[in-house]
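Text of the file work.cif, holding mmCIF, C-alpha atoms and all ligand atoms:
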```cif
data_start
#
loop_
_atom_site.label_atom_id
_atom_site.label_comp_id
_atom_site.auth_asym_id
_atom_site.auth_seq_id
_atom_site.Cartn_x
_atom_site.Cartn_y
_atom_site.Cartn_z
CA MET A 1 31.59 29.62 -15.08
CA VAL A 2 29.14 28.72 -12.31
CA TRP A 3 28.17 25.20 -13.27
CA ILE A 4 25.91 24.54 -10.35
CA SER A 5 24.29 27.38 -8.57
CA ARG A 6 22.76 26.80 -5.19
CA VAL A 7 20.98 30.13 -5.02
CA CYS A 8 17.69 28.94 -3.71
CA LEU A 9 16.93 25.93 -1.63
CA ARG A 10 13.64 25.37 0.03
CA LYS A 11 11.78 22.62 1.70
CA TYR A 12 9.48 20.68 -0.61
CA GLY A 13 6.86 18.11 0.14
CA GLY A 14 3.55 19.83 -0.59
CA PHE A 15 2.84 17.57 -3.51
CA VAL A 16 1.28 14.30 -2.43
CA ASP A 17 1.53 11.30 -4.76
CA ASN A 18 0.60 8.62 -2.25
CA LEU A 19 -1.50 8.40 0.84
CA ARG A 20 -1.95 5.70 3.47
CA LEU A 21 -5.28 5.50 5.26
CA TYR A 22 -6.76 3.36 7.99
CA VAL A 23 -10.20 2.12 6.97
CA LYS A 24 -12.69 0.17 9.01
CA GLY A 25 -16.10 -1.14 8.09
CA GLY A 26 -18.84 -0.66 10.67
CA SER A 27 -19.70 -3.51 13.05
CA GLY A 28 -22.99 -5.29 12.55
CA GLY A 29 -25.91 -4.75 14.93
CA MET A 30 -26.93 -7.26 17.60
CA GLY A 31 -29.56 -9.85 16.75
CA LEU A 32 -32.58 -10.45 18.96
CA PRO A 33 -32.59 -14.12 20.06
CA ARG A 34 -36.03 -13.98 21.67
CA LEU A 35 -37.78 -13.06 18.40
CA GLY A 36 -35.24 -14.27 15.86
CA GLY A 37 -34.41 -10.68 14.91
CA GLN A 38 -31.38 -9.89 12.74
CA GLY A 39 -29.02 -6.99 13.44
CA GLY A 40 -28.23 -4.53 10.62
CA LYS A 41 -25.07 -4.94 8.57
CA GLY A 42 -22.22 -2.52 9.29
CA GLY A 43 -21.53 0.20 6.69
CA ASP A 44 -18.78 -0.25 4.06
CA VAL A 45 -15.91 2.07 3.20
CA TRP A 46 -15.54 3.05 -0.46
CA VAL A 47 -12.99 5.04 -2.41
CA ILE A 48 -14.67 6.87 -5.27
CA ALA A 49 -13.08 8.80 -8.15
CA LYS A 50 -14.13 12.41 -8.44
CA GLU A 51 -13.11 15.40 -10.55
CA SER A 52 -11.05 18.32 -9.24
CA ILE A 53 -9.64 16.64 -6.20
CA THR A 54 -6.04 15.84 -5.38
CA LEU A 55 -4.44 13.48 -2.89
CA LYS A 56 -3.22 16.54 -1.00
CA LYS A 57 -6.83 17.66 -0.54
CA VAL A 58 -7.80 14.19 0.67
CA LYS A 59 -4.92 14.26 3.13
CA ASP A 60 -5.97 17.69 4.43
CA MET A 61 -9.58 16.57 4.71
CA TYR A 62 -8.72 13.60 6.93
CA PRO A 63 -5.82 14.69 9.14
CA GLN A 64 -6.28 11.59 11.31
CA LYS A 65 -6.18 9.42 8.19
CA ARG A 66 -8.90 7.21 9.69
CA LEU A 67 -12.16 6.36 8.03
CA VAL A 68 -14.70 4.31 9.90
CA ALA A 69 -18.14 3.42 8.55
CA GLY A 70 -21.28 3.40 10.71
CA VAL A 71 -22.42 0.43 12.82
CA GLY A 72 -25.55 -1.49 11.91
CA THR A 73 -28.46 -0.97 14.28
CA ASN A 74 -29.48 -3.64 16.74
CA SER A 75 -32.56 -5.70 16.13
CA SER A 76 -35.38 -4.60 18.42
CA ILE A 77 -39.00 -5.40 19.05
CA ARG A 78 -40.04 -2.43 16.91
CA ALA A 79 -37.63 -3.23 14.06
CA LEU A 80 -36.70 -6.88 13.99
CA LYS A 81 -34.36 -6.36 11.06
CA GLY A 82 -31.80 -3.72 12.04
CA ASP A 83 -30.83 -0.97 9.58
CA LYS A 84 -27.54 -1.03 7.71
CA GLY A 85 -24.85 1.29 9.09
CA ASN A 86 -23.90 4.35 7.02
CA ASP A 87 -21.28 3.80 4.34
CA GLN A 88 -18.19 5.97 4.46
CA GLN A 89 -17.02 7.43 1.15
CA VAL A 90 -13.63 8.88 0.41
CA PHE A 91 -13.29 10.83 -2.80
CA ALA A 92 -10.01 10.58 -4.67
CA PRO A 93 -8.64 11.68 -8.04
CA THR A 94 -8.59 9.43 -11.09
CA GLY A 95 -5.42 7.59 -12.07
CA ILE A 96 -5.04 5.97 -8.66
CA VAL A 97 -4.18 2.43 -7.70
CA VAL A 98 -5.68 1.30 -4.39
CA THR A 99 -3.62 -1.35 -2.61
CA THR A 100 -3.31 -2.95 0.79
CA ASP A 101 -0.20 -2.34 2.87
CA ASP A 102 1.38 -5.47 1.40
CA ARG A 103 0.69 -4.13 -2.08
CA ARG A 104 -2.20 -6.37 -3.03
CA ILE A 105 -4.25 -4.42 -5.56
CA LEU A 106 -7.81 -3.77 -4.43
CA GLY A 107 -8.76 -1.79 -7.50
CA GLU A 108 -8.04 1.19 -9.72
CA LEU A 109 -9.75 4.49 -10.22
CA ASN A 110 -9.49 5.26 -13.91
CA ALA A 111 -12.62 7.27 -14.63
CA VAL A 112 -14.78 9.62 -12.62
CA GLY A 113 -17.32 7.56 -10.66
CA ASP A 114 -15.15 4.40 -10.42
CA LYS A 115 -15.53 2.86 -6.94
CA VAL A 116 -13.40 0.50 -4.92
CA LEU A 117 -14.69 -1.24 -1.80
CA VAL A 118 -11.86 -1.02 0.72
CA ALA A 119 -13.45 -2.23 3.97
CA ARG A 120 -16.57 -4.34 4.31
CA GLY A 121 -19.02 -3.82 7.14
CA GLY A 122 -19.61 -6.74 9.54
CA GLN A 123 -22.73 -8.93 9.28
CA GLY A 124 -25.47 -8.26 11.80
CA GLY A 125 -26.12 -10.91 14.45
CA SER A 126 -28.57 -13.61 13.31
CA PHE A 127 -29.72 -17.09 14.15
CA HIS A 128 -26.70 -18.67 12.37
CA MET A 129 -24.26 -16.54 14.34
CA GLY A 130 -25.86 -16.97 17.72
CA TYR A 131 -27.25 -13.41 17.27
CA LEU A 132 -23.80 -11.94 17.79
CA PRO A 133 -22.62 -9.45 15.15
CA ASN A 134 -19.35 -9.48 13.22
CA LYS A 135 -16.86 -6.67 13.39
CA GLY A 136 -16.15 -4.68 10.25
CA GLN A 137 -13.06 -5.33 8.19
CA ALA A 138 -10.16 -3.10 9.30
CA ARG A 139 -6.91 -2.46 7.46
CA HIS A 140 -4.55 0.08 6.03
CA ILE A 141 -4.84 0.97 2.40
CA ARG A 142 -2.65 2.99 0.10
CA LEU A 143 -3.75 5.34 -2.63
CA ASP A 144 -0.96 5.68 -5.17
CA LEU A 145 -0.97 8.08 -8.06
CA LYS A 146 0.12 6.19 -11.16
CA LEU A 147 3.35 7.90 -12.18
CA ILE A 148 4.53 8.23 -15.76
CA ALA A 149 8.13 8.69 -14.70
CA ASP A 150 10.26 9.84 -11.80
CA VAL A 151 11.30 12.99 -13.60
CA GLY A 152 9.37 15.15 -16.06
CA LEU A 153 11.05 17.52 -18.51
CA VAL A 154 9.02 20.70 -18.81
CA GLY A 155 9.71 23.41 -21.33
CA PHE A 156 8.51 25.28 -24.36
CA PRO A 157 9.13 23.77 -27.80
CA ASN A 158 12.69 23.85 -29.09
CA ALA A 159 14.25 24.24 -25.64
CA GLY A 160 16.09 20.97 -26.18
CA LYS A 161 14.01 18.54 -24.09
CA SER A 162 14.29 15.70 -26.61
CA SER A 163 18.02 16.32 -27.00
CA LEU A 164 18.46 16.35 -23.24
CA LEU A 165 16.48 13.13 -22.84
CA ALA A 166 18.69 11.46 -25.42
CA LYS A 167 21.82 12.68 -23.64
CA LEU A 168 20.56 11.61 -20.19
CA SER A 169 19.29 8.20 -21.21
CA HIS A 170 19.30 5.65 -23.94
CA ALA A 171 16.09 6.94 -25.49
CA ARG A 172 16.19 8.01 -29.10
CA PRO A 173 13.59 10.77 -29.26
CA GLN A 174 12.89 12.72 -32.39
CA VAL A 175 14.97 15.91 -32.35
CA ALA A 176 14.04 18.66 -34.76
CA SER A 177 14.51 22.36 -35.07
CA TYR A 178 10.82 23.02 -35.36
CA PRO A 179 8.30 23.03 -32.48
CA PHE A 180 5.75 20.32 -31.61
CA THR A 181 7.92 17.35 -32.46
CA THR A 182 7.00 15.48 -29.31
CA LEU A 183 3.33 14.66 -29.27
CA ARG A 184 3.23 12.14 -26.45
CA PRO A 185 5.53 11.63 -23.48
CA GLU A 186 8.74 10.01 -24.59
CA LEU A 187 10.40 7.92 -21.93
CA GLY A 188 14.03 7.25 -21.20
CA LYS A 189 15.97 5.75 -18.33
CA ILE A 190 19.04 7.13 -16.63
CA MET A 191 21.33 4.29 -15.58
CA TYR A 192 23.52 4.92 -12.55
CA ASN A 193 26.73 3.08 -11.68
CA ASP A 194 25.01 1.19 -8.86
CA TYR A 195 22.42 -0.09 -11.39
CA LYS A 196 19.70 2.16 -10.07
CA GLN A 197 17.47 3.33 -12.92
CA VAL A 198 15.52 6.54 -12.96
CA SER A 199 12.84 7.15 -15.57
CA VAL A 200 12.58 10.48 -17.34
CA ALA A 201 9.66 11.67 -19.46
CA ASP A 202 9.93 14.31 -22.15
CA LEU A 203 6.47 15.78 -21.77
CA PRO A 204 4.63 17.03 -24.85
CA GLY A 205 4.94 20.65 -25.91
CA LEU A 206 3.83 23.15 -23.35
CA ILE A 207 3.04 26.55 -24.84
CA GLU A 208 1.83 29.82 -23.38
CA GLY A 209 -1.83 29.53 -22.45
CA ALA A 210 -1.72 25.78 -21.69
CA HIS A 211 -3.80 26.34 -18.55
CA MET A 212 -6.54 27.68 -20.84
CA ASN A 213 -6.16 24.44 -22.75
CA LYS A 214 -4.14 25.93 -25.61
CA GLY A 215 -1.90 23.54 -27.52
CA MET A 216 -1.74 20.25 -25.67
CA GLY A 217 -3.02 22.22 -22.68
CA HIS A 218 -4.54 20.19 -19.90
CA LYS A 219 -3.36 16.94 -21.40
CA PHE A 220 0.16 18.16 -20.94
CA LEU A 221 -0.44 19.47 -17.45
CA LYS A 222 -2.00 16.19 -16.38
CA HIS A 223 1.24 14.49 -17.37
CA VAL A 224 3.23 16.89 -15.24
CA GLU A 225 1.18 15.85 -12.22
CA ARG A 226 2.37 12.30 -12.61
CA THR A 227 6.05 12.75 -11.95
CA LYS A 228 8.03 13.08 -8.74
CA GLN A 229 10.35 15.85 -9.89
CA LEU A 230 10.36 18.51 -12.55
CA VAL A 231 13.21 19.66 -14.71
CA PHE A 232 12.48 22.97 -16.39
CA VAL A 233 14.38 23.08 -19.67
CA VAL A 234 14.95 26.60 -20.95
CA ASP A 235 16.98 27.84 -23.92
CA VAL A 236 19.41 30.23 -22.26
CA CYS A 237 19.25 32.47 -25.33
CA GLY A 238 15.44 32.75 -25.32
CA PHE A 239 12.62 31.42 -27.44
CA GLN A 240 10.14 32.41 -30.11
CA LEU A 241 7.30 30.05 -30.98
CA SER A 242 6.68 31.54 -34.43
CA ALA A 243 7.37 34.70 -36.40
CA LYS A 244 4.05 36.10 -35.13
CA SER A 245 4.59 35.40 -31.44
CA PRO A 246 6.74 37.56 -29.17
CA PHE A 247 10.34 36.68 -28.43
CA ARG A 248 10.76 35.51 -24.83
CA THR A 249 14.03 35.76 -22.96
CA ALA A 250 15.09 32.89 -20.69
CA PHE A 251 13.85 34.87 -17.67
CA GLU A 252 10.45 35.46 -19.24
CA THR A 253 10.31 31.79 -20.20
CA VAL A 254 10.93 30.72 -16.59
CA GLN A 255 8.16 33.06 -15.43
CA LEU A 256 5.74 31.83 -18.06
CA LEU A 257 6.41 28.17 -17.33
CA THR A 258 5.91 28.81 -13.63
CA LYS A 259 2.70 30.71 -14.30
CA GLU A 260 1.27 27.94 -16.47
CA LEU A 261 1.86 25.36 -13.74
CA GLU A 262 0.60 27.67 -11.01
CA LEU A 263 -2.63 28.41 -12.88
CA TYR A 264 -3.26 24.72 -13.29
CA SER A 265 -2.59 23.83 -9.67
CA ASP A 266 -0.53 25.41 -6.89
CA GLU A 267 0.47 21.96 -5.73
CA MET A 268 2.48 21.44 -8.87
CA LEU A 269 4.96 24.04 -7.70
CA SER A 270 5.67 22.15 -4.51
CA LYS A 271 7.44 19.36 -6.37
CA PRO A 272 11.22 19.49 -6.33
CA ALA A 273 12.21 21.38 -9.46
CA PHE A 274 15.48 22.04 -11.24
CA LEU A 275 16.14 24.73 -13.76
CA VAL A 276 18.27 23.55 -16.65
CA LEU A 277 19.62 26.29 -18.88
CA ASN A 278 20.34 24.60 -22.14
CA LYS A 279 22.42 25.51 -25.19
CA MET A 280 25.33 26.86 -23.17
CA ASP A 281 27.56 26.11 -26.17
CA LEU A 282 26.05 29.03 -28.13
CA PRO A 283 28.34 32.09 -28.52
CA ASP A 284 26.60 34.59 -26.22
CA ALA A 285 25.28 32.01 -23.73
CA GLU A 286 27.66 33.09 -20.92
CA GLN A 287 26.46 36.65 -21.03
CA LYS A 288 22.80 35.59 -21.17
CA LEU A 289 23.35 33.30 -18.21
CA GLU A 290 24.81 36.11 -16.13
CA GLU A 291 21.88 38.34 -17.04
CA LEU A 292 19.39 35.64 -16.12
CA MET A 293 21.00 34.85 -12.77
CA GLY A 294 20.78 38.53 -11.86
CA GLN A 295 17.10 38.59 -12.81
CA LEU A 296 16.31 35.38 -10.92
CA GLN A 297 17.87 36.75 -7.77
CA ASN A 298 15.72 39.90 -7.92
CA GLN A 299 12.59 38.56 -9.56
CA LYS A 300 10.33 41.32 -8.26
CA ASP A 301 12.45 44.05 -9.88
CA PHE A 302 12.03 42.43 -13.26
CA ALA A 303 8.36 41.52 -13.01
CA HIS A 304 7.48 44.49 -15.23
CA LEU A 305 8.99 42.68 -18.20
CA LEU A 306 5.83 40.63 -18.54
CA PRO A 307 2.16 41.61 -18.57
CA ASP A 308 0.66 41.35 -15.05
CA ALA A 309 -1.44 38.31 -15.93
CA MET A 310 1.69 36.37 -16.78
CA VAL A 311 3.64 37.03 -13.59
CA PRO A 312 3.40 34.08 -11.19
CA LYS A 313 2.07 34.80 -7.69
CA SER A 314 4.95 33.02 -6.06
CA SER A 315 8.36 32.71 -7.62
CA LEU A 316 9.50 29.17 -7.95
CA SER A 317 12.53 28.25 -5.87
CA PHE A 318 14.60 25.85 -7.84
CA ARG A 319 16.56 23.23 -6.00
CA GLN A 320 19.43 23.95 -8.32
CA ILE A 321 20.10 25.89 -11.45
CA LEU A 322 22.26 24.02 -13.90
CA PRO A 323 23.70 25.42 -17.11
CA VAL A 324 24.13 22.56 -19.58
CA SER A 325 24.56 21.78 -23.23
CA ALA A 326 22.62 18.83 -24.53
CA LEU A 327 24.76 19.14 -27.65
CA THR A 328 28.21 18.85 -26.05
CA GLY A 329 27.15 17.02 -22.89
CA HIS A 330 28.43 19.79 -20.63
CA GLY A 331 26.78 19.74 -17.18
CA ILE A 332 24.86 16.52 -17.86
CA GLU A 333 26.66 14.47 -15.20
CA ASP A 334 25.91 17.18 -12.62
CA LEU A 335 22.25 17.09 -13.58
CA LYS A 336 22.13 13.31 -13.24
CA ALA A 337 23.71 13.53 -9.79
CA CYS A 338 21.23 16.21 -8.65
CA ILE A 339 18.23 14.19 -9.87
CA ARG A 340 19.49 11.10 -8.09
CA GLN A 341 20.22 12.88 -4.83
CA THR A 342 16.79 14.49 -4.69
CA LEU A 343 14.97 11.26 -5.53
CA ASP A 344 16.91 9.47 -2.80
CA GLU A 345 15.98 12.22 -0.35
CA GLN A 346 12.32 11.95 -1.32
CA ALA A 347 12.37 8.17 -0.90
CA ALA A 348 14.06 8.47 2.50
CA ALA A 349 11.48 11.01 3.65
CA GLU A 350 8.63 8.70 2.55
CA THR A 351 10.14 5.73 4.37
CA ALA A 352 10.63 7.81 7.50
CA ASP A 353 6.97 8.94 7.34
CA LEU A 354 5.80 5.36 7.00
CA HIS A 355 7.94 4.20 9.93
CA ARG A 356 6.63 7.02 12.08
CA ALA A 357 3.03 6.08 11.24
CA CYS A 358 3.65 2.37 11.99
CA LEU A 359 5.32 3.20 15.30
CA GLN A 360 2.44 5.43 16.27
CA GLU A 361 -0.04 2.63 15.50
CA LEU A 362 1.95 0.15 17.55
CA ARG A 363 1.90 2.55 20.47
CA GLU A 364 -1.81 3.10 20.11
CA THR A 365 -2.42 -0.65 20.05
CA ALA A 366 -0.20 -1.25 23.06
CA TRP A 367 -1.45 1.74 25.11
CA PRO A 368 -4.81 2.70 23.62
CA ASN A 369 -5.58 5.32 26.23
CA SER A 370 -2.24 7.03 26.47
CA PRO A 371 -2.20 10.73 25.59
CA LYS A 372 -0.64 11.76 22.29
CA ASP A 373 1.27 14.88 21.56
CA SER A 374 1.77 16.54 18.22
CA THR A 375 5.13 14.85 17.61
CA GLY A 376 3.44 11.48 17.77
CA THR A 377 5.23 10.42 20.94
CA VAL A 378 3.30 9.08 23.89
N1 LIG B 401 23.41 24.65 -29.92
C1 LIG B 401 22.61 23.79 -29.28
N2 LIG B 401 21.49 23.34 -29.87
C2 LIG B 401 20.71 22.48 -29.19
C3 LIG B 401 21.03 22.04 -27.89
N3 LIG B 401 20.04 21.20 -27.48
C4 LIG B 401 19.15 21.13 -28.50
N4 LIG B 401 19.55 21.89 -29.53
C5 LIG B 401 18.86 22.08 -30.81
O1 LIG B 401 17.63 22.73 -30.56
C6 LIG B 401 16.62 22.22 -31.44
C7 LIG B 401 15.44 21.71 -30.64
O2 LIG B 401 15.83 20.58 -29.87
P1 LIG B 401 14.78 19.50 -29.36
O3 LIG B 401 15.57 18.58 -28.50
O4 LIG B 401 14.02 18.92 -30.50
O5 LIG B 401 13.84 20.43 -28.49
P2 LIG B 401 12.40 20.13 -27.85
O6 LIG B 401 11.40 20.70 -28.77
O7 LIG B 401 12.42 20.86 -26.54
O8 LIG B 401 12.30 18.65 -27.68
C8 LIG B 401 17.30 21.14 -32.27
O9 LIG B 401 17.71 21.71 -33.49
C9 LIG B 401 18.51 20.76 -31.45
O10 LIG B 401 19.55 20.28 -32.26
C10 LIG B 401 22.23 22.53 -27.29
O11 LIG B 401 22.59 22.21 -26.16
N5 LIG B 401 22.97 23.40 -28.03
MG MG B 402 10.93 17.39 -28.47
#
```

Written form, structure tokens:
Amino acid sequence: MVWISRVCLRKYGGFVDNLRLYVKGGSGGMGLPRLGGQGGKGGDVWVIAKESITLKKVKDMYPQKRLVAGVGTNSSIRALKGDKGNDQQVFAPTGIVVTTDDRRILGELNAVGDKVLVARGGQGGSFHMGYLPNKGQARHIRLDLKLIADVGLVGFPNAGKSSLLAKLSHARPQVASYPFTTLRPELGKIMYNDYKQVSVADLPGLIEGAHMNKGMGHKFLKHVERTKQLVFVVDVCGFQLSAKSPFRTAFETVQLLTKELELYSDEMLSKPAFLVLNKMDLPDAEQKLEELMGQLQNQKDFAHLLPDAMVPKSSLSFRQILPVSALTGHGIEDLKACIRQTLDEQAAAETADLHRACLQELRETAWPNSPKDSTGTV
């Protein structure tokens, strides 16, 4: 039996769950000593929660990752009190914690319209300041998506998510042979030999049509956004929601799960994902597995099995495909190892990104006018 298949590997990283930005309030305007005029205050930088935006979009919108508010105008004979500089606003999704580089919390965005002031503009020059203006506050901030867990289990009801969570961790989720047992994310922790802990969430029942808000719909999909990795849990022998709904083979289930996530947001599919084929202890599981592997390797040839609207635009490339049995524990150790390895890789990539950004800033501070190339070297 192929216990771990490495059929498709691809580079991930499209999903953004944190973002570091340089923010600077505008400088104040000059005062006018002769007439006692006061310069305008520099503009402030705000982070504001908005609907239908993701951190990835914010990142794409500001490739330089620099946000500087406008300077206050100088006091003049015509306008003794200078105007305030323009504020700079960055829109961000809800469910974000805004911190400084040293992790001091500046605020949270929990509802649309919530605002956090991240860099104050400088005061304009006035009598008390010898008519000289202050510079705006400048610093790095981080926008971090609040995560539910490192890993999210995604699958239709009855696939064995709760059973798998119990096997992976010390959680005691409710396991039942009828759908919709899990109504809210159930959390467990995988303990590794080196004491590292990884949290896993059994996410509430996804069903066909979730993107149209069927079942737990968007609530479910919002949970999926807040994990670093996805584990698709599929019953290798197929699934039927109820006597009235169509029977879905494992291949169709994989397609449908992919489609639901894709319809909600393309970005979701750029998270590292594993495909776990559960219930390998069942009598005809081996044969079903073979069939499925053939179909996954030639997805286009089998697209006709589903109505057009249910075929995902892009087929999901799983990091690994793991046949397991949550009942007997077969394949569980392999799954734990894969999860750990991928999380470690993600963490290393994030640290490397941060180091690169810090190095670049140091260079810019030391040699402000030196030319930059695309690799960030000067
Ligand atoms: N034979 C077999 N049954 C399983 C396995 N994993 C789960 N089940 C059964 O499948 C049913 C649904 O499991 P559950 O964990 O509640 O699925 P969930 O709805 O995805 O959380 C239960 O009756 C489990 O006992 C497995 O590996 N092998
Ligand atoms: Mg369950």

> Out of A:Pro185, A:Ser270, A:Ala159, A:Arg340, which residue has the shortest atom-to-atom distance to Val324 (chain A) when counting only C-alpha atoms?
Replying inline: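 Of the candidates, the smallest distance to Val324 (chain A) is held by A:Ala159.
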
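Nearest residue to ligand MG 402 (chain B), choosing from A:Glu267, A:Glu286, A:Asp150, A:Glu186 and counting all atoms listed in the file: A:Glu186.
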
> Could you name the residues that touch Ser126 (chain A) at 9 Å or less, counting only C-alpha atoms, but leaving out those on the same chain fewer than 3 positions away, as a VMD selection string?
Replying inline: chain A and resid 30 to 33 36 to 39 123 129 to 133

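The gap separating CA of Val47 (chain A) from CA of Glu108 (chain A) is 9.6 Å, in Å to one decimal.
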
> In Å, how far is it from atom O5 of ligand LIG 401 (chain B) to CA of Gly238 (chain A)?
Replying inline: 12.8 Å
